[in-house]
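Data block for model_23.cif (mmCIF, C-alpha atoms):
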data_model
loop_
_atom_site.label_atom_id
_atom_site.label_comp_id
_atom_site.auth_asym_id
_atom_site.auth_seq_id
_atom_site.Cartn_x
_atom_site.Cartn_y
_atom_site.Cartn_z
CA ASP J 1 -45.56 176.04 92.37
CA LEU J 2 -45.98 176.33 96.14
CA LEU J 3 -47.76 173.00 96.42
CA GLU J 4 -44.83 171.19 94.83
CA LYS J 5 -42.39 172.91 97.22
CA LEU J 6 -44.50 171.81 100.21
CA LYS J 7 -44.95 168.21 99.05
CA PRO J 8 -41.62 166.87 100.44
CA ARG J 9 -42.32 168.51 103.82
CA LEU J 10 -45.99 167.55 104.07
CA PRO J 11 -46.40 164.20 102.33
CA ASN J 12 -49.65 162.41 103.11
CA THR J 13 -50.76 164.92 105.72
CA ASP J 14 -54.25 166.31 106.16
CA LEU J 15 -52.90 169.78 105.39
CA TYR J 16 -51.38 168.65 102.09
CA ARG J 17 -54.62 166.90 101.08
CA TRP J 18 -56.62 170.01 102.00
CA ILE J 19 -54.28 172.15 99.86
CA GLU J 20 -54.74 169.78 96.92
CA GLN J 21 -58.54 169.91 97.29
CA PHE J 22 -58.50 173.69 97.65
CA LYS J 23 -56.29 174.09 94.59
CA ALA J 24 -58.72 171.95 92.56
CA LEU J 25 -61.59 174.36 93.25
CA PRO J 26 -62.54 176.88 90.57
CA PRO J 27 -60.74 180.23 91.03
CA SER J 28 -64.01 182.04 91.76
CA GLU J 29 -64.84 179.66 94.61
CA ARG J 30 -61.31 179.93 96.03
CA ALA J 31 -61.66 183.72 95.95
CA GLN J 32 -65.05 183.58 97.66
CA ARG J 33 -63.77 181.25 100.41
CA THR J 34 -60.72 183.39 101.15
CA SER J 35 -62.10 186.91 100.73
CA GLY J 36 -62.76 187.43 104.45
CA LEU J 37 -59.34 186.13 105.44
CA LEU J 38 -57.59 188.25 102.81
CA SER J 39 -59.51 191.32 103.92
CA ALA J 40 -58.49 190.77 107.55
CA LEU J 41 -54.86 190.05 106.67
CA SER J 42 -54.60 193.09 104.40
CA HIS J 43 -54.50 195.32 107.50
CA PHE J 44 -51.22 193.63 108.44
CA ALA J 45 -49.71 192.92 105.03
CA SER J 46 -50.10 196.21 103.19
CA GLY J 47 -49.94 199.91 103.88
CA LYS J 48 -47.77 201.87 106.25
CA ASN J 49 -48.33 199.46 109.17
CA SER J 50 -47.14 196.35 107.30
CA ILE J 51 -43.50 196.91 108.34
CA LEU J 52 -44.55 196.27 111.95
CA PHE J 53 -45.56 192.72 111.07
CA ASP J 54 -42.48 191.70 109.05
CA THR J 55 -41.81 188.05 109.94
CA GLU J 56 -38.58 187.68 107.97
CA GLU J 57 -36.75 190.23 110.09
CA PRO J 58 -38.79 190.66 113.27
CA GLY J 59 -37.84 193.72 115.28
CA ILE J 60 -39.36 192.41 118.48
CA GLU J 61 -38.85 188.88 119.77
CA LEU J 62 -40.83 188.55 122.99
CA THR J 63 -38.95 185.44 124.16
CA LYS J 64 -35.72 187.47 123.96
CA VAL J 65 -37.40 190.50 125.54
CA MET J 66 -38.41 188.39 128.54
CA ARG J 67 -35.07 186.59 128.79
CA GLU J 68 -33.11 189.86 128.74
CA ASN J 69 -35.68 191.76 130.84
CA GLN J 70 -36.10 194.44 128.19
CA ILE J 71 -38.90 196.98 128.00
CA VAL J 72 -41.37 196.93 125.11
CA TYR J 73 -44.21 199.41 124.81
CA PHE J 74 -47.16 198.87 122.52
CA GLN J 75 -49.58 201.72 121.99
CA LEU J 76 -52.49 200.24 120.13
CA PRO J 77 -54.66 202.63 118.10
CA VAL J 78 -58.00 201.14 119.16
CA LEU J 79 -59.91 204.40 118.73
CA LEU J 80 -58.17 205.37 115.49
CA SER J 81 -58.32 201.92 113.90
CA PRO J 82 -60.58 199.60 115.90
CA PHE J 83 -59.94 196.44 113.89
CA LEU J 84 -56.16 196.84 113.65
CA GLY J 85 -55.82 197.90 117.30
CA LYS J 86 -57.80 194.99 118.69
CA ALA J 87 -56.31 192.41 116.32
CA THR J 88 -52.78 193.62 117.06
CA GLY J 89 -53.45 193.43 120.80
CA LYS J 90 -54.54 189.82 120.40
CA LEU J 91 -51.46 189.03 118.31
CA VAL J 92 -49.19 190.58 120.93
CA LEU J 93 -50.86 188.64 123.75
CA GLN J 94 -50.65 185.40 121.79
CA SER J 95 -46.95 186.12 121.24
CA PHE J 96 -46.59 186.60 125.01
CA GLN J 97 -48.37 183.29 125.51
CA ASN J 98 -45.76 181.66 123.26
CA ALA J 99 -42.92 183.42 125.11
CA ILE J 100 -44.28 182.22 128.47
CA ALA J 101 -44.53 178.66 127.10
CA ASN J 102 -40.89 178.94 125.97
CA ARG J 103 -39.94 180.07 129.47
CA HIS J 104 -41.50 176.92 130.90
CA LYS J 105 -39.37 174.78 128.54
CA SER J 106 -36.14 176.57 129.50
CA ASN J 107 -33.96 175.30 132.34
CA ARG J 108 -32.39 178.74 132.80
CA LYS J 109 -33.03 180.76 135.92
CA LYS J 110 -35.87 183.07 135.02
CA LYS J 111 -35.61 186.74 135.90
CA PHE J 112 -38.86 188.27 137.06
CA PHE J 113 -40.66 189.92 134.16
CA SER J 114 -43.64 192.28 134.37
CA LEU J 115 -46.39 192.64 131.81
CA PHE J 116 -48.52 195.78 132.22
CA MET J 117 -51.84 195.91 130.39
CA ASP J 118 -53.86 199.12 130.31
CA ASP J 119 -57.41 199.13 128.96
CA PHE J 120 -56.96 195.43 128.24
CA SER J 121 -60.67 194.78 127.70
CA GLU J 122 -60.18 196.15 124.17
CA TYR J 123 -57.90 193.29 123.12
CA LEU J 124 -58.11 190.50 125.68
CA TYR J 125 -59.23 187.14 124.29
CA PRO J 126 -60.67 184.16 126.23
CA GLY J 127 -57.50 182.06 125.86
CA PHE J 128 -55.55 184.68 127.79
CA VAL J 129 -56.81 183.17 131.05
CA SER J 130 -54.41 180.26 130.49
CA ILE J 131 -51.53 182.76 130.31
CA LEU J 132 -52.63 184.26 133.58
CA ASN J 133 -52.79 180.82 135.21
CA LYS J 134 -49.33 179.80 133.98
CA SER J 135 -47.45 183.10 134.17
CA ARG J 136 -46.67 182.95 137.88
CA SER J 137 -44.74 179.68 137.54
CA ALA J 138 -42.77 181.28 134.68
CA ASN J 139 -41.87 184.17 137.01
CA VAL J 140 -44.00 186.62 135.03
CA GLY J 141 -46.20 189.14 136.81
CA VAL J 142 -49.25 190.52 135.04
CA VAL J 143 -50.68 193.93 135.99
CA PHE J 144 -54.19 194.78 134.80
CA ALA J 145 -55.13 198.47 134.72
CA HIS J 146 -58.80 199.28 134.24
CA GLN J 147 -61.39 201.84 135.26
CA ALA J 148 -64.18 199.72 136.75
CA LEU J 149 -65.33 196.15 137.30
CA GLY J 150 -67.56 196.56 134.27
CA ASP J 151 -64.44 196.61 132.08
CA ILE J 152 -63.63 193.09 133.25
CA GLU J 153 -67.22 191.85 133.45
CA SER J 154 -67.86 192.88 129.84
CA MET J 155 -65.66 189.94 128.79
CA GLY J 156 -67.85 187.42 130.60
CA ASP J 157 -68.21 186.10 134.11
CA SER J 158 -65.64 183.31 133.81
CA ILE J 159 -62.91 185.63 132.51
CA ALA J 160 -63.77 188.27 135.13
CA ASN J 161 -63.64 185.63 137.86
CA SER J 162 -60.26 184.33 136.64
CA ILE J 163 -58.76 187.82 136.54
CA LEU J 164 -60.11 188.79 139.94
CA THR J 165 -59.12 185.54 141.67
CA ASN J 166 -55.69 185.16 140.04
CA THR J 167 -54.48 188.64 140.92
CA ASN J 168 -52.95 188.76 144.39
CA ILE J 169 -52.52 192.50 144.82
CA LYS J 170 -55.26 194.98 144.07
CA ILE J 171 -54.80 198.74 144.09
CA ALA J 172 -57.90 200.91 143.94
CA MET J 173 -57.72 204.63 143.30
CA ARG J 174 -60.57 207.12 143.21
CA GLY J 175 -63.47 204.76 142.82
CA ASN J 176 -66.28 206.61 141.07
CA ASP J 177 -68.44 203.54 140.48
CA PRO J 178 -70.30 202.49 143.66
CA ASP J 179 -70.37 198.79 142.68
CA THR J 180 -66.62 198.71 142.03
CA SER J 181 -65.92 200.61 145.26
CA GLU J 182 -68.14 198.25 147.24
CA TYR J 183 -66.57 195.14 145.72
CA PHE J 184 -63.02 196.18 146.58
CA ALA J 185 -64.00 197.52 150.01
#

Entire entry expressed as structure tokens:
Amino acid sequence: DLLEKLKPRLPNTDLYRWIEQFKALPPSERAQRTSGLLSALSHFASGKNSILFDTEEPGIELTKVMRENQIVYFQLPVLLSPFLGKATGKLVLQSFQNAIANRHKSNRKKKFFSLFMDDFSEYLYPGFVSILNKSRSANVGVVFAHQALGDIESMGDSIANSILTNTNIKIAMRGNDPDTSEYFA
């Protein structure tokens, strides 16, 4: 029983007590409470894409990628599979957040590392602003590629402001939107 295996590691913790309470619920209520979570996780745990999310033998370790200055390319199928594409983008960015935090803990000299994000408004999450604020001190450069200011503004004024004020270099090419062109001019 999983609960018995966890007991020595989690004695008298809130998590252990929650597990005990959850286990005491009738099976139908447990199923009802977890159906949304199970549905969301099924995209990652079953089917042909599940191998990409194998945690026992991860193929990509972003802390190692950054330390060894490797190149990783993620092409997220946002149009083909909106939920999986957006959720995967958030998982990848949260993994980068963890890798940047690990860089801050390390005393090693940090090689410059670049993170390029194209069409990021599809998968950016509000907590990413903290990555942006802390990445420079970890010697990580973040490049945002987007079509117009509206792509950034669609995430909210505070996120748009953080992105626009925390990026030092801006490159504008073929501005079709008058508001975007005027802003950068």

Suppose a student applies the PyMOL selection byres ((chain J and resi 45-62) around 9) to this structure; what residues should they get, written as a list in words?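 That expression, the PyMOL selection byres ((chain J and resi 45-62) around 9), corresponds here to Leu41, Ser42, His43, Phe44, Thr63, Lys64, Val65, Met66, Arg67, Val72, Val92, Ser95, Phe96, Asn98 and Ala99 of chain J.
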
Pick out the residues sitting within 7 Å of Gly89 of chain J, and hand them over as a list of chain:residue names; count all atoms listed in the file, and ignore anything fewer than 4 positions along from it in its own chain.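 After dropping sequence-adjacent residues, the list is J:Leu76, J:Gly85, J:Leu93, J:Tyr123.
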
Could you list, as a short mmCIF file (atom, residue, chain, number, x, y, z; two decimals) with C-alpha atoms, in the frame of the given file, every residue within 8 Å of Gly141 of chain J, counting only C-alpha atoms and ignoring same-chain residues fewer than 3 positions away?
data_model
loop_
_atom_site.label_atom_id
_atom_site.label_comp_id
_atom_site.auth_asym_id
_atom_site.auth_seq_id
_atom_site.Cartn_x
_atom_site.Cartn_y
_atom_site.Cartn_z
CA PHE J 112 -38.86 188.27 137.06
CA PHE J 113 -40.66 189.92 134.16
CA SER J 114 -43.64 192.28 134.37
CA LEU J 115 -46.39 192.64 131.81
CA SER J 135 -47.45 183.10 134.17
CA ARG J 136 -46.67 182.95 137.88
#

So the first atom is atom CA of Ala148 of chain J and the second is atom CA of Thr180 of chain J; what is the distance between them in Å, to one decimal place? 5.9 Å

I would like the residues chosen by the PyMOL selection byres ((chain J and resi 77) around 12) on the shown file; could you give them as a list in words? Asn49, Phe74, Gln75, Leu76, Val78, Leu79, Leu80, Ser81, Pro82, Phe83, Leu84, Gly85, Lys86, Ala87, Thr88, Gly89, Asp119, Glu122 and Tyr123 of chain J

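Between atom CA of Pro126 of chain J and atom CA of Asp14 of chain J lies a distance of 27.6 Å.
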
Mind pulling up the distance from atom CA of Ala138 of chain J to atom CA of Lys110 of chain J?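 Calculated distance between atom CA of Lys110 of chain J and atom CA of Ala138 of chain J is 7.1 Å.
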
Run the PyMOL selection byres ((chain J and resi 184) around 10) against the file shown and list the residues it catches, as an MDAnalysis selection string. chainID J and resid 149 170:172 175 179:183 185

Considering all atoms listed in the file, return as a PDB file with C-alpha atoms, in the frame of the given file whatever protein or nucleic-acid residues lie within 10 Å of Ile159 of chain J, sequence-local ones (same chain, fewer than 4 positions apart) excluded.
ATOM      1  CA  LEU J 124     -58.110 190.500 125.680  1.00  0.00           C
ATOM      2  CA  TYR J 125     -59.230 187.140 124.290  1.00  0.00           C
ATOM      3  CA  PRO J 126     -60.670 184.160 126.230  1.00  0.00           C
ATOM      4  CA  GLY J 127     -57.500 182.060 125.860  1.00  0.00           C
ATOM      5  CA  PHE J 128     -55.550 184.680 127.790  1.00  0.00           C
ATOM      6  CA  VAL J 129     -56.810 183.170 131.050  1.00  0.00           C
ATOM      7  CA  ILE J 152     -63.630 193.090 133.250  1.00  0.00           C
ATOM      8  CA  GLU J 153     -67.220 191.850 133.450  1.00  0.00           C
ATOM      9  CA  SER J 154     -67.860 192.880 129.840  1.00  0.00           C
ATOM     10  CA  MET J 155     -65.660 189.940 128.790  1.00  0.00           C
ATOM     11  CA  ILE J 163     -58.760 187.820 136.540  1.00  0.00           C
ATOM     12  CA  LEU J 164     -60.110 188.790 139.940  1.00  0.00           C
ATOM     13  CA  THR J 165     -59.120 185.540 141.670  1.00  0.00           C
TER      14      THR J 165
END
